[in-house]
Amino acid sequence: MANRAIEDRSNLDIVEKFDSYEDYLDSQLTSTDLNYLEDEDMARQLVELGYRGLGDTIKREDFEARKRLLLERSTQKHNIVRQLASVDKNLGDFPFLKALASREDLIRTSKLTTIVFIRDYNSKGHEISGYIDIAHRMRSEDFVPIFDRKKRLLPKPTDLSFYNWETQLSTSNSTPYYQVVADSTQGLLFKNKRDRKVINVNPESSSPGDNTVRIELETNEYVQVVLYDHSTRRR
């Protein structure tokens, strides 16, 4: 019984680290697996079946059951709903912040993911641009100063993509929600890690992808703002 309790606690700790079962499967893959199999989806399936990966694999139904348990515990522990960062903020004259505020609850509850392209100038006067995973940013930093207009939301070298037109610094990074995909034909793509749908941010593309809407926002807050709203659905 004691060993069983330790195992359950260990599995809960593992499940808590990952947002989705696919993220967990990815963590079990080795570089050898990926090089040998080449196909990421096939590699995940083999890990799920227990043929590849590191050690014993938690089954999908067990993973999701433990996720529900963690959610129930969190709900019980935090009886009071956490206040949104945008609550009671007067954003009528700020279209971008107003757009973010209208999406905040959906993003924080994982019903929507939003990638934002921003082009503007940093504090040094350098023109910068990049794609920001808003869910990742909201999870990793305080948005109250942003909605209070004490701090500007600007692309960083740690975002999905970043480019400084003055220094020519260029970076790209995957996040817990999106994988960066560089395609020689279509250019920069972002693959959602939950439903595996691909978002095409090329403005010349006929469509940004399945379940995705592209919105170019008219605002004086930045030189250019484009929103990519992606509705996520579990498999």
# chains A, B, ... in the order shown; residues from 1 in each chain; ligands from 1
>>> residues_around(residues="A:Lys111", least_positions_apart="5", cutoff="9 Å", atoms="only C-alpha atoms", output="list in words")
Asp105, Leu106, His230, Ser231, Thr232 and Arg233 of chain A
>>> closest_residue(among="A:Arg214, A:Arg103, A:Arg152, A:Arg60", to="A:Asp23", atoms="only C-alpha atoms")
A:Arg60
>>> closest_residue(among="A:Val223, A:Ile14, A:Leu91, A:Ile128", to="A:Ser170", atoms="only C-alpha atoms")
A:Ile128
>>> closest_residue(among="A:Tyr228, A:Phe147, A:Tyr163, A:Phe18", to="A:Glu127", atoms="only C-alpha atoms")
A:Tyr163
>>> residues_around(residues="A:Val144", least_positions_apart="6", cutoff="9 Å", atoms="only C-alpha atoms", output="CSV table (one decimal) with all heavy atoms, in the first residue's frame")
chain,number,residue,atom,x,y,z
A,84,LEU,N,-9.2,38.3,-12.9
A,84,LEU,CA,-8.5,38.5,-14.2
A,84,LEU,C,-7.7,39.8,-14.1
A,84,LEU,O,-8.1,40.8,-13.4
A,84,LEU,CB,-9.4,38.6,-15.3
A,84,LEU,CG,-10.2,37.3,-15.6
A,84,LEU,CD1,-11.2,37.6,-16.7
A,84,LEU,CD2,-9.3,36.1,-15.9
A,85,ALA,N,-6.5,39.9,-14.7
A,85,ALA,CA,-5.7,41.1,-14.7
A,85,ALA,C,-6.4,42.3,-15.3
A,85,ALA,O,-6.0,43.4,-15.0
A,85,ALA,CB,-4.4,40.8,-15.4
A,86,SER,N,-7.3,42.1,-16.2
A,86,SER,CA,-8.0,43.1,-16.9
A,86,SER,C,-9.2,43.7,-16.3
A,86,SER,O,-9.9,44.6,-16.8
A,86,SER,CB,-8.3,42.7,-18.4
A,86,SER,OG,-9.1,41.5,-18.3
A,150,LYS,N,1.2,50.7,-17.6
A,150,LYS,CA,2.5,51.1,-16.9
A,150,LYS,C,3.6,50.4,-17.6
A,150,LYS,O,4.8,50.7,-17.4
A,150,LYS,CB,2.4,50.8,-15.4
A,150,LYS,CG,1.4,51.6,-14.7
A,150,LYS,CD,1.4,51.2,-13.2
A,150,LYS,CE,0.4,52.1,-12.4
A,150,LYS,NZ,0.3,51.7,-11.0
A,151,LYS,N,3.3,49.4,-18.4
A,151,LYS,CA,4.3,48.5,-19.1
A,151,LYS,C,3.7,48.1,-20.4
A,151,LYS,O,2.5,47.8,-20.6
A,151,LYS,CB,4.6,47.3,-18.2
A,151,LYS,CG,5.5,46.3,-18.9
A,151,LYS,CD,5.7,45.1,-18.0
A,151,LYS,CE,6.6,44.0,-18.6
A,151,LYS,NZ,6.7,42.8,-17.7
